[in-house]
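run07.csv (CSV, C-alpha atoms) appears below.
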chain,number,residue,atom,x,y,z
A,19,MET,CA,-22.9,26.5,3.5
A,20,PRO,CA,-19.8,24.5,2.6
A,21,GLU,CA,-16.5,26.0,3.6
A,22,VAL,CA,-14.7,27.7,0.6
A,23,LEU,CA,-10.9,27.2,0.7
A,24,SER,CA,-8.1,28.6,-1.4
A,25,PHE,CA,-5.8,26.1,-3.1
A,26,SER,CA,-3.0,26.8,-0.5
A,27,GLN,CA,-5.5,26.2,2.4
A,28,ALA,CA,-6.8,23.0,0.8
A,29,TYR,CA,-3.2,21.8,0.2
A,30,ARG,CA,-2.2,22.5,3.8
A,31,ARG,CA,-5.1,20.3,5.0
A,32,LEU,CA,-4.0,17.6,2.5
A,33,LEU,CA,-0.5,17.7,4.1
A,34,ALA,CA,-2.0,17.4,7.6
A,35,LYS,CA,-4.0,14.3,6.4
A,36,THR,CA,-0.8,12.9,5.0
A,37,ALA,CA,0.9,13.3,8.3
A,38,ALA,CA,-2.1,11.6,10.0
A,39,LEU,CA,-1.8,8.7,7.6
A,40,PHE,CA,1.9,8.5,8.2
A,41,LEU,CA,1.6,8.2,11.9
A,42,SER,CA,-1.3,5.8,11.8
A,43,TYR,CA,0.3,3.6,9.0
A,44,LEU,CA,3.3,3.0,11.2
A,45,ALA,CA,1.1,0.4,12.9
A,46,VAL,CA,1.1,-1.5,9.6
A,47,ALA,CA,4.7,-0.8,8.6
A,48,MET,CA,6.3,-1.7,11.9
A,49,SER,CA,4.5,-5.1,12.0
A,50,LEU,CA,5.2,-6.0,8.3
A,51,PRO,CA,8.8,-7.3,8.4
A,52,VAL,CA,8.4,-8.7,12.0
A,53,THR,CA,5.2,-10.8,11.4
A,54,SER,CA,6.9,-13.5,9.2
A,55,ILE,CA,9.9,-13.6,11.5
A,56,TYR,CA,7.6,-14.1,14.6
A,57,VAL,CA,5.7,-16.9,12.9
A,58,ILE,CA,8.8,-18.7,11.6
A,59,ASP,CA,11.3,-18.2,14.5
A,60,GLN,CA,9.0,-18.0,17.6
A,61,LEU,CA,5.9,-20.1,16.6
A,62,HIS,CA,8.1,-22.5,14.6
A,63,TYR,CA,6.1,-22.6,11.4
A,64,GLY,CA,7.4,-22.6,7.8
A,65,ASN,CA,7.9,-19.9,5.2
A,66,ALA,CA,4.5,-20.5,3.6
A,67,LEU,CA,2.6,-19.7,6.9
A,68,GLY,CA,5.0,-16.8,7.6
A,69,GLY,CA,4.0,-15.4,4.2
A,70,LEU,CA,0.4,-16.1,4.8
A,71,ALA,CA,0.5,-14.1,8.1
A,72,VAL,CA,1.8,-11.2,6.1
A,73,GLY,CA,-0.5,-11.6,3.0
A,74,ILE,CA,-3.7,-12.3,4.8
A,75,THR,CA,-3.9,-8.6,5.7
A,76,PHE,CA,-4.1,-7.8,2.0
A,77,PHE,CA,-6.7,-10.5,1.3
A,78,SER,CA,-8.8,-8.7,4.0
A,79,THR,CA,-8.5,-5.4,2.2
A,80,ILE,CA,-9.4,-7.1,-1.1
A,81,LEU,CA,-12.7,-8.4,0.4
A,82,THR,CA,-13.5,-5.0,1.9
A,83,ARG,CA,-12.6,-2.5,-0.7
A,84,GLY,CA,-16.1,-2.6,-2.2
A,85,TYR,CA,-17.5,-1.8,1.3
A,86,ALA,CA,-15.0,1.0,1.8
A,87,GLY,CA,-15.8,2.5,-1.6
A,88,ARG,CA,-19.6,2.4,-0.9
A,89,LEU,CA,-19.1,4.0,2.5
A,90,CYS,CA,-17.1,6.8,0.9
A,91,ASP,CA,-19.7,7.4,-1.8
A,92,GLN,CA,-22.6,7.3,0.7
A,93,GLN,CA,-21.2,8.9,3.9
A,94,GLY,CA,-18.0,10.7,2.8
A,95,GLY,CA,-14.3,10.0,3.0
A,96,LYS,CA,-13.9,11.3,6.6
A,97,ALA,CA,-16.2,8.8,8.1
A,98,CYS,CA,-14.4,6.0,6.2
A,99,MET,CA,-10.9,7.1,7.2
A,100,ARG,CA,-11.9,7.5,10.9
A,101,ARG,CA,-13.3,4.0,11.1
A,102,GLY,CA,-10.1,2.7,9.5
A,103,LEU,CA,-7.9,4.3,12.1
A,104,TYR,CA,-10.1,2.9,15.0
A,105,LEU,CA,-9.7,-0.6,13.4
A,106,TYR,CA,-5.9,-0.1,13.3
A,107,MET,CA,-6.0,0.3,17.1
A,108,LEU,CA,-8.2,-2.8,17.6
A,109,ALA,CA,-6.0,-4.9,15.3
A,110,GLY,CA,-2.9,-4.0,17.3
A,111,GLY,CA,-4.7,-5.0,20.5
A,112,VAL,CA,-5.7,-8.4,19.0
A,113,CYS,CA,-2.1,-9.1,17.8
A,114,LEU,CA,-0.9,-8.1,21.2
A,115,ALA,CA,-3.2,-10.7,22.7
A,116,SER,CA,-1.6,-13.4,20.6
A,117,SER,CA,1.8,-12.8,22.3
A,118,TRP,CA,0.4,-14.3,25.5
A,119,LEU,CA,-0.4,-17.5,23.7
A,120,ALA,CA,3.0,-18.3,22.2
A,121,GLY,CA,3.2,-21.5,24.3
A,122,GLN,CA,0.2,-22.7,22.2
A,123,PRO,CA,1.4,-22.0,18.7
A,124,ALA,CA,-1.7,-23.0,16.8
A,125,LEU,CA,-3.9,-20.8,19.0
A,126,ALA,CA,-1.4,-17.9,18.9
A,127,LEU,CA,-1.3,-18.1,15.1
A,128,GLY,CA,-5.1,-18.1,14.9
A,129,VAL,CA,-5.4,-15.0,17.1
A,130,LEU,CA,-2.5,-13.3,15.1
A,131,LEU,CA,-4.3,-14.0,11.8
A,132,SER,CA,-7.5,-12.6,13.2
A,133,GLY,CA,-5.7,-9.4,14.1
A,134,ARG,CA,-4.1,-9.2,10.7
A,135,LEU,CA,-7.5,-9.6,9.1
A,136,LEU,CA,-8.8,-6.6,11.2
A,137,LEU,CA,-5.7,-4.6,10.2
A,138,GLY,CA,-6.6,-5.3,6.5
A,139,LEU,CA,-10.1,-4.0,7.0
A,140,GLY,CA,-8.7,-0.9,8.7
A,141,GLU,CA,-6.3,-0.3,5.9
A,142,SER,CA,-9.1,-0.6,3.3
A,143,LEU,CA,-11.2,2.1,5.1
A,144,ALA,CA,-8.3,4.4,6.0
A,145,ILE,CA,-6.6,4.6,2.6
A,146,VAL,CA,-9.8,4.7,0.4
A,147,GLY,CA,-11.3,7.2,2.8
A,148,MET,CA,-8.3,9.6,2.8
A,149,ALA,CA,-8.0,9.4,-1.0
A,150,ALA,CA,-11.7,10.1,-1.7
A,151,TRP,CA,-11.9,12.8,1.0
A,152,SER,CA,-8.8,14.5,-0.4
A,153,ILE,CA,-9.8,14.4,-4.1
A,154,GLY,CA,-13.1,15.9,-3.0
A,155,LEU,CA,-11.1,18.7,-1.3
A,156,MET,CA,-8.6,19.3,-4.1
A,157,GLY,CA,-10.7,18.5,-7.2
A,158,PRO,CA,-10.1,15.7,-9.8
A,159,ALA,CA,-7.6,17.8,-11.7
A,160,HIS,CA,-5.2,17.2,-8.8
A,161,SER,CA,-6.0,13.6,-8.3
A,162,GLY,CA,-2.4,12.5,-9.2
A,163,LYS,CA,-1.0,14.9,-6.5
A,164,VAL,CA,-3.5,13.5,-4.0
A,165,MET,CA,-2.6,9.9,-4.6
A,166,SER,CA,1.1,10.8,-4.6
A,167,LEU,CA,0.7,12.2,-1.1
A,168,VAL,CA,-1.3,9.2,0.0
A,169,GLY,CA,1.5,7.0,-1.1
A,170,MET,CA,4.1,9.2,0.6
A,171,GLY,CA,2.3,8.8,3.9
A,172,MET,CA,2.1,5.1,3.5
A,173,TYR,CA,5.6,4.4,2.2
A,174,GLY,CA,7.2,7.0,4.3
A,175,ALA,CA,5.8,4.9,7.2
A,176,PHE,CA,7.4,1.8,5.6
A,177,ALA,CA,10.8,3.6,5.4
A,178,ALA,CA,10.7,4.5,9.1
A,179,GLY,CA,8.6,1.7,10.4
A,180,GLY,CA,10.5,-1.2,8.9
A,181,PRO,CA,13.7,-0.8,10.8
A,182,LEU,CA,12.0,0.7,13.8
A,183,GLY,CA,9.7,-2.3,14.1
A,184,LEU,CA,12.6,-4.8,13.7
A,185,LEU,CA,14.7,-2.8,16.3
A,186,LEU,CA,11.8,-2.8,18.8
A,187,PHE,CA,11.2,-6.5,18.2
A,188,GLN,CA,14.8,-7.4,18.7
A,189,GLN,CA,15.3,-5.2,21.8
A,190,ALA,CA,12.0,-5.6,23.6
A,191,GLY,CA,10.1,-8.4,21.9
A,192,PHE,CA,6.8,-8.8,20.0
A,193,ARG,CA,4.5,-7.7,22.9
A,194,PRO,CA,5.8,-4.1,23.2
A,195,LEU,CA,5.9,-3.8,19.4
A,196,MET,CA,2.2,-4.6,19.2
A,197,ALA,CA,1.4,-2.3,22.0
A,198,ALA,CA,3.0,0.5,20.1
A,199,CYS,CA,1.1,-0.4,16.9
A,200,ALA,CA,-2.2,-0.3,18.9
A,201,LEU,CA,-1.5,3.3,20.2
A,202,LEU,CA,0.0,5.0,17.1
A,203,PRO,CA,-3.3,5.5,15.2
A,204,LEU,CA,-4.6,7.7,18.0
A,205,ALA,CA,-2.2,10.4,16.8
A,206,GLY,CA,-3.8,10.3,13.3
A,207,LEU,CA,-7.3,10.6,14.8
A,208,LEU,CA,-6.3,13.7,16.7
A,209,LEU,CA,-4.8,15.3,13.6
A,210,ILE,CA,-8.0,15.0,11.5
A,211,ARG,CA,-10.6,15.4,14.2
A,212,ARG,CA,-11.5,19.1,13.3
A,213,PHE,CA,-11.5,18.9,9.5
A,214,PRO,CA,-15.0,19.0,8.1
A,215,ARG,CA,-16.5,16.3,6.0
A,216,ILE,CA,-17.3,16.8,2.3
A,217,ALA,CA,-20.8,15.9,1.3
A,218,PRO,CA,-21.0,12.9,-1.0
A,219,HIS,CA,-22.2,13.3,-4.6
A,220,ALA,CA,-25.6,12.1,-5.8
A,221,GLY,CA,-26.1,9.8,-8.7
A,222,GLN,CA,-27.1,6.4,-9.9
A,223,ARG,CA,-25.2,3.5,-8.4
A,224,GLU,CA,-23.5,0.7,-10.4
A,225,SER,CA,-22.5,-2.8,-9.3
A,226,PHE,CA,-19.0,-3.1,-8.0
A,227,LEU,CA,-18.2,-5.7,-10.7
A,228,ARG,CA,-19.2,-3.2,-13.5
A,229,ILE,CA,-17.0,-0.6,-11.9
A,230,LEU,CA,-14.1,-3.1,-11.9
A,231,GLY,CA,-14.7,-3.6,-15.6
A,232,ARG,CA,-14.2,0.1,-16.2
A,233,ILE,CA,-10.8,0.2,-14.5
A,234,GLY,CA,-9.5,-3.3,-15.5
A,235,LYS,CA,-6.3,-2.3,-17.4
A,236,PRO,CA,-5.0,0.3,-14.9
A,237,GLY,CA,-5.8,-2.2,-12.1
A,238,ALA,CA,-3.9,-4.9,-13.8
A,239,ALA,CA,-0.8,-2.7,-14.1
A,240,VAL,CA,-1.0,-1.9,-10.4
A,241,PHE,CA,-1.4,-5.5,-9.6
A,242,LEU,CA,1.8,-6.4,-11.5
A,243,GLN,CA,3.7,-3.5,-9.9
A,244,GLY,CA,2.7,-4.7,-6.4
A,245,VAL,CA,4.4,-8.1,-6.8
A,246,GLY,CA,7.8,-6.6,-6.4
A,247,PHE,CA,7.0,-4.6,-3.3
A,248,ALA,CA,5.2,-7.5,-1.6
A,249,GLY,CA,8.1,-9.9,-2.1
A,250,LEU,CA,10.5,-7.3,-0.8
A,251,GLY,CA,8.5,-6.5,2.3
A,252,ALA,CA,8.0,-10.1,3.3
A,253,PHE,CA,11.3,-11.7,2.4
A,254,PHE,CA,14.1,-9.2,2.0
A,255,ALA,CA,15.3,-9.5,5.6
A,256,LEU,CA,15.1,-13.3,5.3
A,257,TYR,CA,17.0,-13.2,2.0
A,258,PHE,CA,19.8,-11.3,3.7
A,259,SER,CA,19.8,-13.7,6.6
A,260,SER,CA,20.0,-16.7,4.4
A,261,ARG,CA,23.1,-15.3,2.7
A,262,GLY,CA,24.8,-14.3,6.0
A,263,TRP,CA,24.5,-10.6,5.2
A,264,ALA,CA,23.9,-7.8,7.8
A,265,TRP,CA,21.5,-4.8,7.4
A,266,GLY,CA,18.6,-6.7,5.9
A,267,SER,CA,16.3,-4.3,7.8
A,268,LEU,CA,17.5,-1.5,5.5
A,269,GLY,CA,15.7,-3.0,2.5
A,270,LEU,CA,12.4,-1.4,3.4
A,271,THR,CA,14.2,1.8,4.3
A,272,GLY,CA,15.9,1.9,0.9
A,273,PHE,CA,12.6,1.2,-0.8
A,274,GLY,CA,10.8,3.9,1.2
A,275,VAL,CA,13.6,6.5,0.6
A,276,GLY,CA,13.4,5.9,-3.2
A,277,PHE,CA,9.7,5.9,-3.2
A,278,VAL,CA,9.2,9.1,-1.2
A,279,LEU,CA,11.9,11.0,-3.0
A,280,VAL,CA,10.3,10.3,-6.4
A,281,ARG,CA,6.9,11.3,-5.0
A,282,VAL,CA,8.3,14.6,-3.8
A,283,LEU,CA,10.1,15.4,-7.1
A,284,CYS,CA,7.7,13.9,-9.6
A,285,GLY,CA,4.3,13.9,-7.9
A,286,HIS,CA,2.9,16.5,-10.3
A,287,LEU,CA,3.8,14.5,-13.5
A,288,PRO,CA,0.7,12.3,-13.8
A,289,ASP,CA,-1.5,15.4,-13.8
A,290,ARG,CA,0.8,17.2,-16.2
A,291,ILE,CA,1.9,14.6,-18.8
A,292,GLY,CA,-0.4,11.7,-18.3
A,293,GLY,CA,-0.5,8.8,-15.9
A,294,ALA,CA,0.2,6.0,-18.4
A,295,LYS,CA,3.5,7.5,-19.6
A,296,VAL,CA,4.7,8.0,-16.1
A,297,ALA,CA,3.7,4.4,-15.1
A,298,LEU,CA,5.4,2.9,-18.1
A,299,ALA,CA,8.8,4.4,-17.2
A,300,SER,CA,8.3,3.6,-13.6
A,301,LEU,CA,7.7,-0.1,-14.2
A,302,ALA,CA,10.9,-0.3,-16.2
A,303,VAL,CA,12.9,1.0,-13.2
A,304,GLU,CA,11.1,-1.4,-10.9
A,305,ALA,CA,12.1,-4.3,-13.2
A,306,VAL,CA,15.7,-3.3,-13.0
A,307,GLY,CA,15.6,-3.0,-9.3
A,308,GLN,CA,14.1,-6.5,-8.8
A,309,TRP,CA,16.6,-8.0,-11.2
A,310,LEU,CA,19.4,-6.4,-9.3
A,311,ILE,CA,18.3,-7.9,-6.0
A,312,TRP,CA,18.0,-11.3,-7.6
A,313,SER,CA,21.4,-11.2,-9.2
A,314,ALA,CA,23.2,-9.3,-6.3
A,315,ALA,CA,26.6,-10.6,-5.3
A,316,THR,CA,27.0,-8.2,-2.4
A,317,PRO,CA,24.6,-6.6,0.2
A,318,ALA,CA,25.3,-3.2,-1.4
A,319,ALA,CA,24.0,-4.3,-4.8
A,320,ALA,CA,20.8,-5.8,-3.2
A,321,LEU,CA,20.2,-2.6,-1.2
A,322,LEU,CA,20.6,-0.6,-4.4
A,323,GLY,CA,18.0,-2.9,-6.0
A,324,ALA,CA,15.6,-2.2,-3.1
A,325,LEU,CA,16.1,1.6,-3.6
A,326,LEU,CA,15.4,1.2,-7.4
A,327,THR,CA,12.4,-0.9,-6.6
A,328,GLY,CA,11.1,2.0,-4.5
A,329,VAL,CA,11.9,4.5,-7.2
A,330,GLY,CA,10.0,2.4,-9.8
A,331,CYS,CA,7.0,1.6,-7.7
A,332,SER,CA,6.5,5.2,-6.6
A,333,MET,CA,4.5,6.6,-9.5
A,334,VAL,CA,2.6,3.6,-10.8
A,335,PHE,CA,-0.3,3.9,-8.4
A,336,PRO,CA,-0.9,7.7,-8.9
A,337,GLY,CA,-0.2,7.4,-12.6
A,338,MET,CA,-2.8,4.7,-13.1
A,339,GLY,CA,-5.0,6.4,-10.5
A,340,VAL,CA,-5.3,9.4,-12.8
A,341,GLU,CA,-6.5,7.1,-15.5
A,342,VAL,CA,-9.1,5.6,-13.1
A,343,ILE,CA,-10.5,8.9,-12.1
A,344,LYS,CA,-11.1,9.8,-15.8
A,345,ARG,CA,-13.1,6.6,-16.3
A,346,VAL,CA,-15.8,7.1,-13.6
A,347,PRO,CA,-18.3,9.9,-12.6
A,348,ALA,CA,-17.9,11.7,-9.3
A,349,HIS,CA,-20.6,9.8,-7.4
A,350,LEU,CA,-18.7,6.5,-8.1
A,351,ARG,CA,-15.3,7.8,-7.3
A,352,GLY,CA,-15.0,6.1,-3.9
A,353,SER,CA,-16.1,2.7,-5.3
A,354,ALA,CA,-13.6,3.1,-8.2
A,355,LEU,CA,-10.8,4.0,-5.9
A,356,GLY,CA,-11.7,1.0,-3.7
A,357,GLY,CA,-11.7,-1.3,-6.6
A,358,PHE,CA,-8.5,0.1,-8.0
A,359,ALA,CA,-6.7,-0.4,-4.7
A,360,ALA,CA,-8.0,-3.9,-4.5
A,361,PHE,CA,-5.9,-4.9,-7.5
A,362,GLN,CA,-2.8,-3.9,-5.6
A,363,ASP,CA,-4.1,-5.6,-2.5
A,364,LEU,CA,-4.5,-8.8,-4.6
A,365,ALA,CA,-0.9,-8.6,-5.5
A,366,TYR,CA,0.1,-8.2,-1.9
A,367,GLY,CA,-2.1,-11.0,-0.7
A,368,LEU,CA,-1.1,-13.6,-3.3
A,369,THR,CA,2.6,-12.7,-3.3
A,370,GLY,CA,3.2,-13.6,0.4
A,371,PRO,CA,2.2,-17.3,0.4
A,372,VAL,CA,3.1,-18.0,-3.3
A,373,ALA,CA,6.5,-16.4,-2.9
A,374,GLY,CA,7.0,-18.4,0.3
A,375,LEU,CA,6.4,-21.6,-1.6
A,376,PHE,CA,8.9,-20.4,-4.3
A,377,ALA,CA,11.4,-19.6,-1.6
A,378,ASP,CA,11.1,-23.1,-0.1
A,379,SER,CA,11.7,-24.7,-3.5
A,380,PHE,CA,14.1,-22.4,-5.2
A,381,GLY,CA,15.6,-20.0,-2.6
A,382,TYR,CA,14.7,-16.5,-1.6
A,383,GLY,CA,16.3,-15.1,-4.8
A,384,ALA,CA,13.4,-16.5,-6.9
A,385,VAL,CA,11.0,-14.1,-5.2
A,386,PHE,CA,12.8,-11.2,-6.7
A,387,LEU,CA,13.1,-12.7,-10.2
A,388,THR,CA,9.4,-13.2,-10.1
A,389,GLY,CA,9.0,-9.5,-9.2
A,390,ALA,CA,11.1,-8.5,-12.2
A,391,VAL,CA,9.0,-10.6,-14.6
A,392,ALA,CA,5.8,-9.1,-13.2
A,393,ALA,CA,7.1,-5.6,-13.7
A,394,MET,CA,7.8,-6.3,-17.3
A,395,LEU,CA,4.3,-7.7,-17.8
A,396,GLY,CA,3.0,-4.4,-16.2
A,397,MET,CA,5.0,-2.5,-18.8
A,398,ALA,CA,3.3,-4.5,-21.6
A,399,THR,CA,-0.2,-3.7,-20.1
A,400,VAL,CA,0.5,0.0,-20.0
A,401,ALA,CA,2.0,0.0,-23.5
A,402,LEU,CA,-1.3,-1.6,-24.6
A,403,MET,CA,-3.3,1.2,-23.0
A,404,LEU,CA,-1.2,3.8,-24.8
A,405,ALA,CA,-1.5,2.0,-28.1
A,406,GLU,CA,-5.3,1.9,-27.7
A,407,ARG,CA,-5.3,5.7,-27.1
A,408,ALA,CA,-3.0,6.5,-30.1
A,409,PRO,CA,-4.8,8.2,-33.0
A,410,GLU,CA,-5.1,6.2,-36.2
A,411,PRO,CA,-2.9,7.4,-39.1
A,412,ALA,CA,-4.5,9.6,-41.7
A,413,ARG,CA,-5.8,7.8,-44.8
A,414,GLY,CA,-5.4,9.2,-48.2
Serialized structure, structure tokens:
Amino acid sequence: MPEVLSFSQAYRRLLAKTAALFLSYLAVAMSLPVTSIYVIDQLHYGNALGGLAVGITFFSTILTRGYAGRLCDQQGGKACMRRGLYLYMLAGGVCLASSWLAGQPALALGVLLSGRLLLGLGESLAIVGMAAWSIGLMGPAHSGKVMSLVGMGMYGAFAAGGPLGLLLFQQAGFRPLMAACALLPLAGLLLIRRFPRIAPHAGQRESFLRILGRIGKPGAAVFLQGVGFAGLGAFFALYFSSRGWAWGSLGLTGFGVGFVLVRVLCGHLPDRIGGAKVALASLAVEAVGQWLIWSAATPAAALLGALLTGVGCSMVFPGMGVEVIKRVPAHLRGSALGGFAAFQDLAYGLTGPVAGLFADSFGYGAVFLTGAVAAMLGMATVALMLAERAPEPARG
């Protein structure tokens, strides 16, 4: 007989899973700002390949979101999340192996990219698995809260992991950093090991493409939101360096602080007032933050822009996620969540190399101007969703 939990018991388990995700996701967050620096400064490649080394992880998640969703629907979210955390560990080991090949840059880059591809597969499985497992635990009426906490685990790790990764890289080098990234997911596995699985729902399957069609507009809004974060994660430290400013490592910290603070204070809003309304306001704040980074005359102004970008990005994913859950039956929930997350992954994967080319041609500031334009297009997409939902005026 399945275990019956009170809301408070279920919520405590959700918090424990969030802690597990935070500890494990440090393996992703600590390596994110360091990867492009390692490729550019130590392997002596250009900005485009530095951006590719960051973005290829997100291309990997795009290609595997359908697999992750099917695994959730067929075997349950716990199995999916556990496999993801094991792959985090393997990816860290492969990237560690690349550090012994720095004297052969082409080979080192190839091994590094392989590890980054494995990291993307792990991310796909871990994030979709936790979200589907937790929505099954809490119920679809609390899907916005679940996705808020998933994001808190992820972006809280970015807030802590960005400067921690850069500090470890600067003080000890790439090899100890990758060793730490290979070991951290073990803590997440230990935290979730005793929680029972939730049996998957039965029902007729649909093709992944058809599921994507159901969730196209919420996915497009999340894609456009993701451009700003991806550019900030890959190029904020390099932007500061190019202008002779200190404290570039605090960009991800500012982003993460803003992101997590809004999740804590406003995580209930998508379930209460509607996801589209929350996402529309959030995208407006993100656009302001990206514009502020682009136009900044001082480091403080740029760091404020990073903070506002985090505030703005915070509630777009859970807001649109609530809309996604409404559009699919329970037995397709994992596949829908996988497809929905793939839109954000696509933004992350494309932004790295494309923004690298923009930076080569127009300077690093162009990366953040692009993020501001993308956020405004996201606002237009959400406004269209709200207009389609609005009742027609009475005739008479």
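Using all atoms listed in the file, the shortest contact distance between Lys235 in chain A and any of A:Arg215, A:Arg345, A:Arg101, A:His62 is found at A:Arg345.
Taking CA of Arg83 in chain A as the reference point, CA of Leu125 in chain A is found at 28.3 Å.
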Which residue gives the smallest distance to Lys35 in chain A among A:Gly68, A:Ser78, A:Arg100, A:Tyr63, with only C-alpha atoms counted?
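With only C-alpha atoms as the atom set, the closest residue is A:Arg100.
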Determine the nearest neighbour of Lys96 in chain A from the options A:Ala47, A:Ala405, A:Leu139, A:Ala149, counting all atoms listed in the file.
A:Ala149
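Atom pair CA of Ile233 in chain A / CA of Ala297 in chain A: separated by 15.1 Å.
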Exercise: residues within 12 Å of coordinate (15.5, -9.3, -6.9), counting only C-alpha atoms, as a ChimeraX atom specification
/A:245-251,253-254,257-258,269,304-315,317,319-327,381-393
Take the residues just selected and output them with C-alpha atoms as a compact mmCIF listing (two decimals), keeping the file's coordinate frame.
# COMPACT_ATOMS: atom_id res chain seq x y z
CA VAL A 245 4.40 -8.10 -6.80
CA GLY A 246 7.80 -6.60 -6.40
CA PHE A 247 7.00 -4.60 -3.30
CA ALA A 248 5.20 -7.50 -1.60
CA GLY A 249 8.10 -9.90 -2.10
CA LEU A 250 10.50 -7.30 -0.80
CA GLY A 251 8.50 -6.50 2.30
CA PHE A 253 11.30 -11.70 2.40
CA PHE A 254 14.10 -9.20 2.00
CA TYR A 257 17.00 -13.20 2.00
CA PHE A 258 19.80 -11.30 3.70
CA GLY A 269 15.70 -3.00 2.50
CA GLU A 304 11.10 -1.40 -10.90
CA ALA A 305 12.10 -4.30 -13.20
CA VAL A 306 15.70 -3.30 -13.00
CA GLY A 307 15.60 -3.00 -9.30
CA GLN A 308 14.10 -6.50 -8.80
CA TRP A 309 16.60 -8.00 -11.20
CA LEU A 310 19.40 -6.40 -9.30
CA ILE A 311 18.30 -7.90 -6.00
CA TRP A 312 18.00 -11.30 -7.60
CA SER A 313 21.40 -11.20 -9.20
CA ALA A 314 23.20 -9.30 -6.30
CA ALA A 315 26.60 -10.60 -5.30
CA PRO A 317 24.60 -6.60 0.20
CA ALA A 319 24.00 -4.30 -4.80
CA ALA A 320 20.80 -5.80 -3.20
CA LEU A 321 20.20 -2.60 -1.20
CA LEU A 322 20.60 -0.60 -4.40
CA GLY A 323 18.00 -2.90 -6.00
CA ALA A 324 15.60 -2.20 -3.10
CA LEU A 325 16.10 1.60 -3.60
CA LEU A 326 15.40 1.20 -7.40
CA THR A 327 12.40 -0.90 -6.60
CA GLY A 381 15.60 -20.00 -2.60
CA TYR A 382 14.70 -16.50 -1.60
CA GLY A 383 16.30 -15.10 -4.80
CA ALA A 384 13.40 -16.50 -6.90
CA VAL A 385 11.00 -14.10 -5.20
CA PHE A 386 12.80 -11.20 -6.70
CA LEU A 387 13.10 -12.70 -10.20
CA THR A 388 9.40 -13.20 -10.10
CA GLY A 389 9.00 -9.50 -9.20
CA ALA A 390 11.10 -8.50 -12.20
CA VAL A 391 9.00 -10.60 -14.60
CA ALA A 392 5.80 -9.10 -13.20
CA ALA A 393 7.10 -5.60 -13.70
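Closest approach to Phe277 in chain A from the set A:Ser300, A:Ser353, A:Ser379, A:Thr399 is made by A:Ser300, with distances taken over all atoms listed in the file.
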A:Leu209, A:Leu155, A:Leu355, A:Ala299: which is nearest Leu230 in chain A, counting all atoms listed in the file?
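Answer, going by the shortest atom-to-atom distance: A:Leu355.
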Who sits within 12 Å of Ser152 in chain A, all atoms listed in the file, same chain under 2 positions skipped, as a PyMOL selection string:
chain A and resi 28-36+90+94-96+99+144-150+154-168+210+213-216+351-352
So which residues touch Asp378 in chain A within 9 Å, counting all atoms listed in the file, skipping near sequence neighbours fewer than 3 positions away, as a PyMOL selection string?
chain A and resi 64-66+373-375+381-382
Find the spatial neighbours of Gly274 in chain A, counting only C-alpha atoms, within a cut-off of 7 Å - ignore same-chain residues fewer than 2 positions away - and output them as a list in words.
Tyr173, Gly174, Phe176, Ala177, Leu270, Thr271, Gly272, Gly276, Phe277, Val278 and Gly328 of chain A
d(CA of Leu119 in chain A, CA of Ser49 in chain A) in Å
17.7 Å
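Minimum distance to Ser142 in chain A across A:Gln60, A:Gln362, A:Gln222, A:Gln93 (counting all atoms listed in the file) occurs at A:Gln362.
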Neighbours of Arg134 in chain A within 8 Å (only C-alpha atoms; same-chain residues fewer than 6 positions away dropped), as a PyMOL selection string?
chain A and resi 71-72+74-75+109+113
Residue contacts of Leu81 in chain A (12 Å, all atoms listed in the file) excluding same-chain residues fewer than 3 positions away, as a list in words:
Ile74, Thr75, Phe76, Phe77, Ser78, Gly84, Tyr85, Ala86, Gly87, Leu135, Leu136, Gly138, Leu139, Gly140, Glu141, Ser142, Leu143, Phe226, Gly356, Gly357, Ala359, Ala360, Phe361, Asp363, Leu364 and Gly367 of chain A
Can I get range 388-395 of chain A with N, CA and C atoms filled in, as a PDB file, keeping the file's coordinate frame?
ATOM      1  N   THR A 388      10.802 -13.231  -9.815  1.00  0.00           N
ATOM      2  CA  THR A 388       9.400 -13.200 -10.100  1.00  0.00           C
ATOM      3  C   THR A 388       8.895 -11.722 -10.173  1.00  0.00           C
ATOM      4  N   GLY A 389       9.369 -10.897  -9.238  1.00  0.00           N
ATOM      5  CA  GLY A 389       9.000  -9.500  -9.200  1.00  0.00           C
ATOM      6  C   GLY A 389       9.445  -8.771 -10.496  1.00  0.00           C
ATOM      7  N   ALA A 390      10.635  -9.110 -11.005  1.00  0.00           N
ATOM      8  CA  ALA A 390      11.100  -8.500 -12.200  1.00  0.00           C
ATOM      9  C   ALA A 390      10.252  -8.859 -13.429  1.00  0.00           C
ATOM     10  N   VAL A 391       9.874 -10.128 -13.523  1.00  0.00           N
ATOM     11  CA  VAL A 391       9.000 -10.600 -14.600  1.00  0.00           C
ATOM     12  C   VAL A 391       7.652  -9.885 -14.544  1.00  0.00           C
ATOM     13  N   ALA A 392       7.093  -9.778 -13.328  1.00  0.00           N
ATOM     14  CA  ALA A 392       5.800  -9.100 -13.200  1.00  0.00           C
ATOM     15  C   ALA A 392       5.857  -7.663 -13.605  1.00  0.00           C
ATOM     16  N   ALA A 393       6.931  -6.952 -13.266  1.00  0.00           N
ATOM     17  CA  ALA A 393       7.100  -5.600 -13.700  1.00  0.00           C
ATOM     18  C   ALA A 393       7.112  -5.424 -15.186  1.00  0.00           C
ATOM     19  N   MET A 394       7.779  -6.350 -15.861  1.00  0.00           N
ATOM     20  CA  MET A 394       7.800  -6.300 -17.300  1.00  0.00           C
ATOM     21  C   MET A 394       6.464  -6.566 -17.937  1.00  0.00           C
ATOM     22  N   LEU A 395       5.695  -7.461 -17.334  1.00  0.00           N
ATOM     23  CA  LEU A 395       4.300  -7.700 -17.800  1.00  0.00           C
ATOM     24  C   LEU A 395       3.476  -6.420 -17.585  1.00  0.00           C
TER      25      LEU A 395
END
